[in-house]
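data.cif follows; it contains mmCIF, C-alpha atoms.
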```
data_upload
#
loop_
_atom_site.label_atom_id
_atom_site.label_comp_id
_atom_site.auth_asym_id
_atom_site.auth_seq_id
_atom_site.Cartn_x
_atom_site.Cartn_y
_atom_site.Cartn_z
CA MET A 1 -34.12 36.27 -20.24
CA ALA A 2 -32.39 33.56 -18.29
CA ALA A 3 -29.08 32.38 -19.71
CA ALA A 4 -26.75 29.41 -19.44
CA GLU A 5 -23.54 28.20 -21.02
CA PHE A 6 -23.25 24.87 -22.78
CA TRP A 7 -19.62 23.72 -22.58
CA TYR A 8 -18.72 20.90 -24.93
CA GLU A 9 -15.75 19.03 -26.39
CA PHE A 10 -15.91 17.52 -29.87
CA ALA A 11 -14.08 14.36 -28.80
CA SER A 12 -16.62 13.71 -26.04
CA THR A 13 -19.20 11.01 -26.66
CA TYR A 14 -21.83 12.28 -24.21
CA SER A 15 -21.55 15.76 -25.75
CA TYR A 16 -23.13 14.30 -28.91
CA PRO A 17 -26.65 13.58 -27.58
CA ALA A 18 -26.38 16.71 -25.40
CA ALA A 19 -25.59 18.92 -28.41
CA MET A 20 -28.53 17.44 -30.28
CA ARG A 21 -30.91 18.14 -27.38
CA ALA A 22 -29.56 21.37 -25.90
CA ALA A 23 -31.24 23.97 -28.12
CA SER A 24 -34.77 22.63 -27.84
CA LEU A 25 -34.47 21.97 -24.10
CA ALA A 26 -33.21 25.53 -23.58
CA LYS A 27 -35.93 27.02 -25.76
CA ALA A 28 -38.64 25.15 -23.87
CA ARG A 29 -37.42 26.83 -20.66
CA ALA A 30 -36.81 30.24 -22.29
CA VAL A 31 -33.11 29.97 -21.46
CA GLU A 32 -30.66 31.66 -23.82
CA LEU A 33 -27.85 29.22 -24.50
CA ALA A 34 -24.24 30.22 -25.20
CA TRP A 35 -22.29 27.46 -26.98
CA ARG A 36 -18.78 27.24 -25.50
CA PRO A 37 -16.45 24.75 -27.23
CA PHE A 38 -13.35 23.86 -25.22
CA LEU A 39 -10.67 21.17 -24.95
CA LEU A 40 -10.74 18.52 -22.25
CA GLY A 41 -7.16 17.44 -22.95
CA PRO A 42 -5.49 20.02 -20.69
CA ILE A 43 -8.02 19.32 -17.91
CA PHE A 44 -7.43 15.56 -18.20
CA ALA A 45 -3.66 16.11 -18.35
CA ALA A 46 -3.87 17.77 -14.93
CA ASN A 47 -5.19 14.39 -13.68
CA GLY A 48 -2.23 12.64 -15.27
CA TRP A 49 -4.42 11.25 -18.07
CA ARG A 50 -2.77 11.26 -21.51
CA ASP A 51 -5.70 9.49 -23.15
CA SER A 52 -9.47 9.33 -22.69
CA PRO A 53 -10.36 7.77 -19.31
CA PHE A 54 -12.65 5.52 -21.36
CA ASN A 55 -9.50 4.02 -22.92
CA ILE A 56 -7.35 4.12 -19.79
CA TYR A 57 -10.02 2.24 -17.79
CA PRO A 58 -11.53 -0.39 -20.15
CA PRO A 59 -14.54 -1.32 -17.96
CA LYS A 60 -15.45 2.39 -17.88
CA GLY A 61 -15.17 2.47 -21.67
CA ARG A 62 -17.36 -0.62 -22.08
CA TYR A 63 -19.97 0.89 -19.80
CA MET A 64 -19.92 4.20 -21.67
CA TRP A 65 -20.37 2.66 -25.12
CA ARG A 66 -23.31 0.52 -23.98
CA ASP A 67 -24.79 3.53 -22.21
CA MET A 68 -24.39 5.62 -25.38
CA GLU A 69 -26.18 2.89 -27.37
CA ARG A 70 -29.14 3.04 -25.01
CA ILE A 71 -29.22 6.85 -24.96
CA CYS A 72 -28.95 7.25 -28.73
CA SER A 73 -31.49 4.51 -29.33
CA ALA A 74 -34.00 6.22 -27.04
CA LEU A 75 -33.42 9.53 -28.84
CA GLY A 76 -33.53 8.01 -32.31
CA LEU A 77 -29.95 9.10 -32.98
CA PRO A 78 -27.59 6.91 -35.02
CA LEU A 79 -24.37 5.85 -33.26
CA ARG A 80 -21.13 4.68 -34.82
CA ARG A 81 -17.76 4.69 -33.10
CA PRO A 82 -15.16 6.81 -34.85
CA GLN A 83 -11.73 5.27 -35.30
CA PRO A 84 -9.54 6.11 -33.54
CA PHE A 85 -11.34 7.10 -30.39
CA PRO A 86 -11.03 9.78 -29.18
CA GLN A 87 -10.77 11.89 -32.29
CA ASN A 88 -8.39 14.86 -32.34
CA SER A 89 -10.83 17.72 -31.85
CA LEU A 90 -8.46 20.70 -32.08
CA LEU A 91 -9.39 21.84 -35.60
CA ALA A 92 -13.14 21.44 -35.02
CA ALA A 93 -12.92 23.40 -31.74
CA ARG A 94 -10.96 26.23 -33.38
CA VAL A 95 -13.46 26.41 -36.24
CA ALA A 96 -16.46 26.38 -33.90
CA LEU A 97 -14.93 29.21 -31.87
CA ALA A 98 -14.35 31.23 -35.06
CA LEU A 99 -18.08 31.06 -35.82
CA ASP A 100 -20.82 32.90 -33.96
CA GLY A 101 -24.34 32.30 -32.71
CA GLU A 102 -26.45 29.95 -34.78
CA GLU A 103 -23.59 29.19 -37.16
CA ARG A 104 -21.54 27.88 -34.27
CA ALA A 105 -24.41 25.75 -32.98
CA ASP A 106 -25.23 24.41 -36.46
CA PHE A 107 -21.62 23.61 -37.22
CA SER A 108 -21.20 21.88 -33.85
CA ARG A 109 -24.23 19.65 -34.36
CA GLN A 110 -22.95 18.77 -37.83
CA VAL A 111 -19.57 17.77 -36.44
CA TYR A 112 -21.18 15.48 -33.86
CA ALA A 113 -23.50 13.94 -36.46
CA LEU A 114 -20.54 13.19 -38.70
CA GLU A 115 -18.30 11.90 -35.91
CA PHE A 116 -20.67 9.81 -33.79
CA GLY A 117 -23.66 9.44 -36.10
CA GLU A 118 -21.59 8.27 -39.05
CA GLY A 119 -18.33 7.31 -37.31
CA PHE A 120 -16.38 9.58 -39.61
CA PRO A 121 -12.99 11.11 -38.62
CA ILE A 122 -13.23 14.82 -37.83
CA ALA A 123 -9.55 15.66 -37.40
CA ASP A 124 -9.30 15.88 -41.15
CA ARG A 125 -9.37 19.31 -42.83
CA ALA A 126 -11.30 17.98 -45.81
CA ALA A 127 -14.15 16.66 -43.64
CA ILE A 128 -14.51 19.97 -41.81
CA ALA A 129 -14.37 21.86 -45.13
CA ILE A 130 -17.30 19.81 -46.46
CA LEU A 131 -19.36 20.62 -43.35
CA LEU A 132 -18.59 24.33 -43.68
CA ALA A 133 -19.56 24.32 -47.36
CA LYS A 134 -22.82 22.54 -46.50
CA LEU A 135 -23.56 25.37 -44.07
CA GLY A 136 -23.01 27.89 -46.88
CA LEU A 137 -19.71 29.11 -45.46
CA ASP A 138 -16.41 29.60 -47.26
CA PRO A 139 -14.09 26.92 -45.81
CA GLU A 140 -10.82 28.69 -46.59
CA GLY A 141 -12.04 31.95 -45.09
CA VAL A 142 -13.20 30.18 -41.93
CA PHE A 143 -9.97 28.18 -41.61
CA ALA A 144 -7.97 31.41 -41.89
CA ARG A 145 -9.93 32.94 -38.99
CA ALA A 146 -9.92 29.68 -37.01
CA GLU A 147 -6.15 29.35 -37.20
CA ASP A 148 -5.06 32.91 -36.63
CA ASP A 149 -3.17 33.54 -33.43
CA ALA A 150 -6.00 35.39 -31.72
CA ASN A 151 -8.45 32.51 -32.17
CA LYS A 152 -5.87 29.93 -31.06
CA ALA A 153 -5.25 32.01 -27.94
CA LEU A 154 -8.99 32.35 -27.37
CA LEU A 155 -9.45 28.56 -27.35
CA LYS A 156 -6.66 28.25 -24.78
CA ALA A 157 -8.32 30.94 -22.69
CA GLU A 158 -11.71 29.23 -22.95
CA THR A 159 -10.19 25.95 -21.81
CA ALA A 160 -8.52 27.68 -18.86
CA ARG A 161 -11.86 29.32 -18.06
CA ALA A 162 -13.56 25.91 -18.08
CA ALA A 163 -11.10 24.64 -15.48
CA GLU A 164 -11.62 27.80 -13.38
CA LEU A 165 -15.37 27.24 -13.45
CA GLY A 166 -14.80 23.78 -11.99
CA ILE A 167 -15.64 21.89 -15.16
CA ILE A 168 -14.31 18.32 -14.94
CA GLY A 169 -15.88 16.78 -18.03
CA ALA A 170 -18.07 17.39 -21.03
CA PRO A 171 -20.76 18.31 -21.62
CA SER A 172 -21.28 20.75 -18.76
CA LEU A 173 -24.08 23.22 -18.30
CA VAL A 174 -23.01 26.32 -16.36
CA THR A 175 -25.56 28.74 -14.95
CA GLU A 176 -25.22 32.48 -14.38
CA ASP A 177 -24.79 31.90 -10.65
CA GLY A 178 -21.87 29.56 -11.33
CA GLU A 179 -23.47 26.16 -10.84
CA VAL A 180 -21.95 23.37 -12.93
CA PHE A 181 -24.04 20.42 -14.10
CA TRP A 182 -21.90 17.74 -15.66
CA GLY A 183 -23.26 15.25 -18.14
CA ASN A 184 -25.84 14.78 -20.85
CA ASP A 185 -28.10 13.40 -18.14
CA ARG A 186 -27.93 16.67 -16.17
CA LEU A 187 -28.88 18.98 -19.00
CA GLU A 188 -32.52 19.28 -17.95
CA GLN A 189 -31.58 19.82 -14.30
CA GLY A 190 -29.06 22.54 -15.20
CA LEU A 191 -31.48 24.31 -17.53
CA ASP A 192 -34.23 24.13 -14.90
CA TRP A 193 -31.82 25.74 -12.45
CA ALA A 194 -30.92 28.42 -15.02
CA ALA A 195 -34.62 29.10 -15.59
CA GLY A 196 -35.00 29.73 -11.88
CA LYS A 197 -36.80 26.52 -11.06
CA GLN A 198 -33.85 25.30 -8.98
CA ALA A 199 -34.74 21.71 -9.79
CA MET B 1 -43.01 -9.48 -11.21
CA ALA B 2 -40.12 -7.57 -12.77
CA ALA B 3 -36.92 -7.54 -10.73
CA ALA B 4 -33.72 -5.55 -10.48
CA GLU B 5 -30.62 -5.45 -8.31
CA PHE B 6 -29.54 -2.36 -6.42
CA TRP B 7 -25.76 -2.53 -5.96
CA TYR B 8 -24.40 -0.11 -3.38
CA GLU B 9 -21.28 0.69 -1.36
CA PHE B 10 -21.53 2.26 2.08
CA ALA B 11 -18.59 4.60 1.45
CA SER B 12 -20.23 5.98 -1.71
CA THR B 13 -21.81 9.41 -1.47
CA TYR B 14 -24.22 9.03 -4.37
CA SER B 15 -25.41 5.72 -2.93
CA TYR B 16 -26.93 7.72 -0.05
CA PRO B 17 -29.71 9.54 -1.97
CA ALA B 18 -30.14 6.46 -4.16
CA ALA B 19 -30.68 4.20 -1.12
CA MET B 20 -33.23 6.64 0.25
CA ARG B 21 -35.17 6.69 -3.04
CA ALA B 22 -34.75 3.16 -4.37
CA ALA B 23 -37.56 1.34 -2.57
CA SER B 24 -40.33 3.80 -3.43
CA LEU B 25 -39.16 4.20 -7.03
CA ALA B 26 -39.11 0.41 -7.44
CA LYS B 27 -42.51 -0.01 -5.81
CA ALA B 28 -44.05 2.62 -8.10
CA ARG B 29 -42.93 0.52 -11.08
CA ALA B 30 -43.80 -2.84 -9.49
CA VAL B 31 -40.15 -3.86 -9.63
CA GLU B 32 -38.87 -6.21 -6.93
CA LEU B 33 -35.58 -4.84 -5.69
CA ALA B 34 -32.70 -6.97 -4.39
CA TRP B 35 -30.27 -5.00 -2.21
CA ARG B 36 -26.70 -6.02 -3.03
CA PRO B 37 -24.00 -4.41 -0.86
CA PHE B 38 -20.47 -4.69 -2.24
CA LEU B 39 -17.04 -3.08 -1.94
CA LEU B 40 -15.75 -0.64 -4.52
CA GLY B 41 -12.19 -0.83 -3.16
CA PRO B 42 -11.13 -3.88 -5.18
CA ILE B 43 -12.73 -2.46 -8.35
CA PHE B 44 -10.97 0.88 -7.84
CA ALA B 45 -7.69 -0.90 -7.04
CA ALA B 46 -7.85 -2.50 -10.49
CA ASN B 47 -7.69 1.08 -11.85
CA GLY B 48 -4.66 1.78 -9.71
CA TRP B 49 -6.71 3.91 -7.29
CA ARG B 50 -5.78 3.46 -3.63
CA ASP B 51 -8.20 6.18 -2.47
CA SER B 52 -11.53 7.58 -3.60
CA PRO B 53 -11.24 9.25 -7.03
CA PHE B 54 -12.94 12.20 -5.33
CA ASN B 55 -9.82 12.58 -3.20
CA ILE B 56 -7.30 11.66 -5.90
CA TYR B 57 -8.78 14.28 -8.28
CA PRO B 58 -9.70 17.32 -6.16
CA PRO B 59 -11.78 19.17 -8.82
CA LYS B 60 -13.87 15.99 -9.16
CA GLY B 61 -14.29 15.95 -5.39
CA ARG B 62 -15.35 19.62 -5.28
CA TYR B 63 -17.87 19.00 -8.04
CA MET B 64 -19.28 15.92 -6.29
CA TRP B 65 -19.78 17.61 -2.93
CA ARG B 66 -21.57 20.58 -4.49
CA ASP B 67 -23.65 18.21 -6.59
CA MET B 68 -24.53 16.22 -3.47
CA GLU B 69 -25.61 19.45 -1.73
CA ARG B 70 -28.00 20.23 -4.59
CA ILE B 71 -29.34 16.67 -4.77
CA CYS B 72 -29.88 16.32 -1.04
CA SER B 73 -31.42 19.78 -0.81
CA ALA B 74 -33.92 18.94 -3.57
CA LEU B 75 -34.82 15.69 -1.79
CA GLY B 76 -35.03 17.26 1.67
CA LEU B 77 -32.20 15.04 2.92
CA PRO B 78 -29.64 16.37 5.41
CA LEU B 79 -26.01 16.22 4.27
CA ARG B 80 -22.90 16.26 6.43
CA ARG B 81 -19.48 15.07 5.33
CA PRO B 82 -18.10 12.24 7.44
CA GLN B 83 -14.50 12.54 8.55
CA PRO B 84 -12.43 10.97 7.17
CA PHE B 85 -13.88 10.54 3.72
CA PRO B 86 -14.28 7.88 2.50
CA GLN B 87 -15.30 5.90 5.56
CA ASN B 88 -14.12 2.32 5.93
CA SER B 89 -17.24 0.42 4.92
CA LEU B 90 -16.12 -3.15 5.48
CA LEU B 91 -17.98 -3.82 8.73
CA ALA B 92 -21.21 -2.19 7.51
CA ALA B 93 -21.08 -4.21 4.27
CA ARG B 94 -20.52 -7.48 6.13
CA VAL B 95 -23.39 -6.72 8.50
CA ALA B 96 -25.74 -5.75 5.66
CA LEU B 97 -24.93 -8.98 3.87
CA ALA B 98 -25.64 -10.98 7.02
CA LEU B 99 -29.16 -9.53 7.12
CA ASP B 100 -31.99 -10.39 4.74
CA GLY B 101 -34.81 -8.68 2.90
CA GLU B 102 -36.35 -5.70 4.65
CA GLU B 103 -33.87 -5.87 7.51
CA ARG B 104 -31.00 -5.42 5.07
CA ALA B 105 -32.72 -2.48 3.35
CA ASP B 106 -33.64 -0.84 6.68
CA PHE B 107 -30.16 -1.28 8.10
CA SER B 108 -28.60 0.09 4.91
CA ARG B 109 -30.74 3.22 4.94
CA GLN B 110 -29.88 3.73 8.61
CA VAL B 111 -26.16 3.48 7.88
CA TYR B 112 -26.41 6.11 5.12
CA ALA B 113 -28.50 8.42 7.31
CA LEU B 114 -25.91 8.18 10.07
CA GLU B 115 -22.91 8.57 7.76
CA PHE B 116 -24.01 11.25 5.32
CA GLY B 117 -27.07 12.69 7.07
CA GLU B 118 -25.27 13.18 10.39
CA GLY B 119 -21.64 12.91 9.26
CA PHE B 120 -21.01 10.20 11.82
CA PRO B 121 -18.23 7.58 11.42
CA ILE B 122 -19.55 4.14 10.46
CA ALA B 123 -16.36 2.11 10.66
CA ASP B 124 -16.87 1.93 14.40
CA ARG B 125 -18.37 -1.21 15.92
CA ALA B 126 -20.23 0.79 18.55
CA ALA B 127 -22.04 2.92 15.95
CA ILE B 128 -23.17 -0.13 14.00
CA ALA B 129 -24.27 -1.84 17.21
CA ILE B 130 -26.52 1.12 18.08
CA LEU B 131 -28.15 0.95 14.64
CA LEU B 132 -28.74 -2.77 14.99
CA ALA B 133 -30.27 -2.33 18.42
CA LYS B 134 -32.55 0.41 17.06
CA LEU B 135 -33.77 -2.08 14.46
CA GLY B 136 -34.59 -4.54 17.24
CA LEU B 137 -31.72 -6.85 16.40
CA ASP B 138 -29.15 -8.36 18.71
CA PRO B 139 -25.85 -6.67 17.78
CA GLU B 140 -23.56 -9.42 19.06
CA GLY B 141 -25.50 -12.12 17.28
CA VAL B 142 -25.44 -10.17 14.03
CA PHE B 143 -21.72 -9.39 14.36
CA ALA B 144 -21.00 -13.08 14.86
CA ARG B 145 -22.84 -13.96 11.65
CA ALA B 146 -21.36 -10.97 9.79
CA GLU B 147 -17.81 -11.92 10.65
CA ASP B 148 -17.90 -15.63 10.19
CA ASP B 149 -15.80 -16.99 7.35
CA ALA B 150 -18.74 -17.82 5.11
CA ASN B 151 -20.10 -14.27 5.22
CA LYS B 152 -16.66 -12.76 4.65
CA ALA B 153 -16.23 -15.01 1.62
CA LEU B 154 -19.71 -14.08 0.39
CA LEU B 155 -18.84 -10.37 0.42
CA LYS B 156 -15.72 -11.09 -1.61
CA ALA B 157 -17.78 -13.13 -4.07
CA GLU B 158 -20.38 -10.37 -4.34
CA THR B 159 -17.67 -7.84 -5.10
CA ALA B 160 -16.18 -10.11 -7.76
CA ARG B 161 -19.68 -10.55 -9.18
CA ALA B 162 -20.10 -6.77 -9.37
CA ALA B 163 -16.94 -6.48 -11.44
CA GLU B 164 -18.11 -9.34 -13.70
CA LEU B 165 -21.40 -7.54 -14.29
CA GLY B 166 -19.45 -4.52 -15.51
CA ILE B 167 -20.14 -2.37 -12.47
CA ILE B 168 -17.68 0.53 -12.34
CA GLY B 169 -19.15 2.61 -9.54
CA ALA B 170 -21.91 2.86 -7.00
CA PRO B 171 -24.81 2.92 -6.92
CA SER B 172 -25.62 0.72 -9.90
CA LEU B 173 -28.95 -0.68 -10.93
CA VAL B 174 -28.68 -4.02 -12.74
CA THR B 175 -31.60 -5.47 -14.66
CA GLU B 176 -32.45 -9.12 -15.28
CA ASP B 177 -31.19 -8.83 -18.86
CA GLY B 178 -27.82 -7.60 -17.60
CA GLU B 179 -28.06 -3.87 -18.25
CA VAL B 180 -26.09 -1.70 -15.82
CA PHE B 181 -27.23 1.81 -14.97
CA TRP B 182 -24.62 3.67 -12.96
CA GLY B 183 -25.47 6.54 -10.69
CA ASN B 184 -28.17 7.94 -8.48
CA ASP B 185 -29.32 9.92 -11.50
CA ARG B 186 -29.93 6.74 -13.51
CA LEU B 187 -32.08 4.97 -10.96
CA GLU B 188 -35.37 5.87 -12.66
CA GLN B 189 -34.03 4.94 -16.08
CA GLY B 190 -32.78 1.57 -14.86
CA LEU B 191 -36.01 0.78 -13.04
CA ASP B 192 -38.04 1.80 -16.10
CA TRP B 193 -35.92 -0.61 -18.12
CA ALA B 194 -36.44 -3.34 -15.55
CA ALA B 195 -40.19 -2.72 -15.67
CA GLY B 196 -40.09 -3.28 -19.41
CA LYS B 197 -40.53 0.33 -20.43
CA GLN B 198 -37.03 0.40 -21.93
CA ALA B 199 -36.74 4.12 -21.18
#
```

What is this structure when it is put down as structure tokens?
Amino acid sequence: MAAAEFWYEFASTYSYPAAMRAASLAKARAVELAWRPFLLGPIFAANGWRDSPFNIYPPKGRYMWRDMERICSALGLPLRRPQPFPQNSLLAARVALALDGEERADFSRQVYALEFGEGFPIADRAAIAILLAKLGLDPEGVFARAEDDANKALLKAETARAAELGIIGAPSLVTEDGEVFWGNDRLEQGLDWAAGKQA
Amino acid sequence: MAAAEFWYEFASTYSYPAAMRAASLAKARAVELAWRPFLLGPIFAANGWRDSPFNIYPPKGRYMWRDMERICSALGLPLRRPQPFPQNSLLAARVALALDGEERADFSRQVYALEFGEGFPIADRAAIAILLAKLGLDPEGVFARAEDDANKALLKAETARAAELGIIGAPSLVTEDGEVFWGNDRLEQGLDWAAGKQA
């Protein structure tokens, strides 16, 4: 079965519609999708950016929010801007990485729905605990795994791996032959490539 | 008839495949396309960028060139990198603006084919003169119009207009209701919007 990696960052706006679409788009092409949460912060810091480029460059931010409105409207997804933007995504990324398979994917979609669908802060432990409980998981047990040293080190390693792969933003679809497709709007193209259609 | 504006910059890589596709995509949707050359330099300078972001941020540049290879390959377009990159596009933009209608579109496609299809410098007067002659135009006459004060001022005004519209990069498709769609990969979406399909 063909495979691809879906690299995403919880603070990233365009990762929201991508996360909501990724599973069904992959299934339709018989591509097995690995969900790879990572942090954009260290990659942006290498560019000298200490904040989201959407904040550093206001016209870019205005464009992005309008673009997100159009995209979410077309997909029937609600959109509310979380305050502040971007949200601190460290806890959510650690928790996602401590989960496996479908649990990771389900949790990730729930985080995006809360953050960009409802505009709710996600940096907060209580908010993440509610999501975990809704998924039938024990929040304290998951937090303990998410915040142990091995999992913290794994998230750092994943972020370093993203940079090595040439990832410059989120979401990114990475194929087995190392092609990177950046953006929600490149998800289909990347999955077609992964499926061997080389679109 | 529905209408849209195609804003492009001759130094912009992604404007090359977009320029080659724009006319047929617009025709298929019965959208009348206005070709609007402008300069990204002043817009980038407002971000503090004195060079292409693809040069300032090398991973972004590596991603873009690989992405361009895939895009051009899928479209059957040749791709060669001009040296230096980006090319100085001032003369080409002034000349394009001094031409009208189909002549402007034809000239613009020829510039992109020379620059990114053959990797040939376009800042050079002699190169532009050859293109003009190939189009059956009198190079000296066109240069005189292109470099008169009114045309120079018009290019400045067009570039200011681009910034006012919220354009942050090239190519951008702008609809009559003021929506901006940035990127070669958004051309279809923008033209669908212009045609009233609101895709």

Practice prompt. Starting from the displayed file, determine the output of the PyMOL selection byres ((chain A and resi 137) around 12) and express the residue list as a PyMOL selection string.
Written response: chain A and resi 95+98-99+103-104+106-107+128-136+138-143

Fill in: chain A residues near chain B (9 Å cut-off, only C-alpha atoms) as an MDAnalysis selection string
chainID A and resid 46:47 56:57 59:60 62:63 66:67 70:71 74 163 166:168 179:182 185:186 198:199

Apply the PyMOL selection byres ((chain A and resi 76-84) around 12) to the displayed file and report the matching residues as a JSON list (two decimals) with C-alpha atoms, keeping the file's coordinate frame.
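Writing the result to out_22.json gives the following:
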```json
[["chain", "number", "residue", "atom", "x", "y", "z"],
["A", 10, "PHE", "CA", -15.91, 17.52, -29.87],
["A", 11, "ALA", "CA", -14.08, 14.36, -28.80],
["A", 12, "SER", "CA", -16.62, 13.71, -26.04],
["A", 13, "THR", "CA", -19.20, 11.01, -26.66],
["A", 14, "TYR", "CA", -21.83, 12.28, -24.21],
["A", 16, "TYR", "CA", -23.13, 14.30, -28.91],
["A", 17, "PRO", "CA", -26.65, 13.58, -27.58],
["A", 18, "ALA", "CA", -26.38, 16.71, -25.40],
["A", 19, "ALA", "CA", -25.59, 18.92, -28.41],
["A", 20, "MET", "CA", -28.53, 17.44, -30.28],
["A", 21, "ARG", "CA", -30.91, 18.14, -27.38],
["A", 51, "ASP", "CA", -5.70, 9.49, -23.15],
["A", 52, "SER", "CA", -9.47, 9.33, -22.69],
["A", 55, "ASN", "CA", -9.50, 4.02, -22.92],
["A", 61, "GLY", "CA", -15.17, 2.47, -21.67],
["A", 64, "MET", "CA", -19.92, 4.20, -21.67],
["A", 65, "TRP", "CA", -20.37, 2.66, -25.12],
["A", 66, "ARG", "CA", -23.31, 0.52, -23.98],
["A", 67, "ASP", "CA", -24.79, 3.53, -22.21],
["A", 68, "MET", "CA", -24.39, 5.62, -25.38],
["A", 69, "GLU", "CA", -26.18, 2.89, -27.37],
["A", 70, "ARG", "CA", -29.14, 3.04, -25.01],
["A", 71, "ILE", "CA", -29.22, 6.85, -24.96],
["A", 72, "CYS", "CA", -28.95, 7.25, -28.73],
["A", 73, "SER", "CA", -31.49, 4.51, -29.33],
["A", 74, "ALA", "CA", -34.00, 6.22, -27.04],
["A", 75, "LEU", "CA", -33.42, 9.53, -28.84],
["A", 85, "PHE", "CA", -11.34, 7.10, -30.39],
["A", 86, "PRO", "CA", -11.03, 9.78, -29.18],
["A", 87, "GLN", "CA", -10.77, 11.89, -32.29],
["A", 88, "ASN", "CA", -8.39, 14.86, -32.34],
["A", 89, "SER", "CA", -10.83, 17.72, -31.85],
["A", 111, "VAL", "CA", -19.57, 17.77, -36.44],
["A", 112, "TYR", "CA", -21.18, 15.48, -33.86],
["A", 113, "ALA", "CA", -23.50, 13.94, -36.46],
["A", 114, "LEU", "CA", -20.54, 13.19, -38.70],
["A", 115, "GLU", "CA", -18.30, 11.90, -35.91],
["A", 116, "PHE", "CA", -20.67, 9.81, -33.79],
["A", 117, "GLY", "CA", -23.66, 9.44, -36.10],
["A", 118, "GLU", "CA", -21.59, 8.27, -39.05],
["A", 119, "GLY", "CA", -18.33, 7.31, -37.31],
["A", 120, "PHE", "CA", -16.38, 9.58, -39.61],
["A", 121, "PRO", "CA", -12.99, 11.11, -38.62],
["A", 122, "ILE", "CA", -13.23, 14.82, -37.83],
["A", 123, "ALA", "CA", -9.55, 15.66, -37.40]]
```

Item to complete: Go ahead and compute the interatomic distance for atom CA of A:Trp7 and atom CA of B:Glu188, in Å to one decimal.
Response: 25.8 Å

Fill in: Residues matched by the PyMOL selection byres ((chain B and resi 156-160) around 9), written as a PyMOL selection string
chain B and resi 36-40+42-43+151-155+161-165

Fill in: Atomic distance atom CA of A:Ala2 - atom CA of A:Val31, expressed in Å with one decimal
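The value is 4.8 Å.
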
Discussion item. Ranking A:Asp148, A:Glu9, A:Asp177, A:Glu32 by minimum distance to A:Glu102 and counting only C-alpha atoms, which one comes first?
Written reply: A:Glu32

Worksheet, complete the sentence: What separates atom CA of A:Val174 and atom CA of A:Tyr8 is a distance of 11.0 Å

Fill in: Test item: residues at most 8 Å from B:Phe6, only C-alpha atoms, excluding those fewer than 3 positions along its chain, as a ChimeraX atom specification
/B:22,33-36,171-174
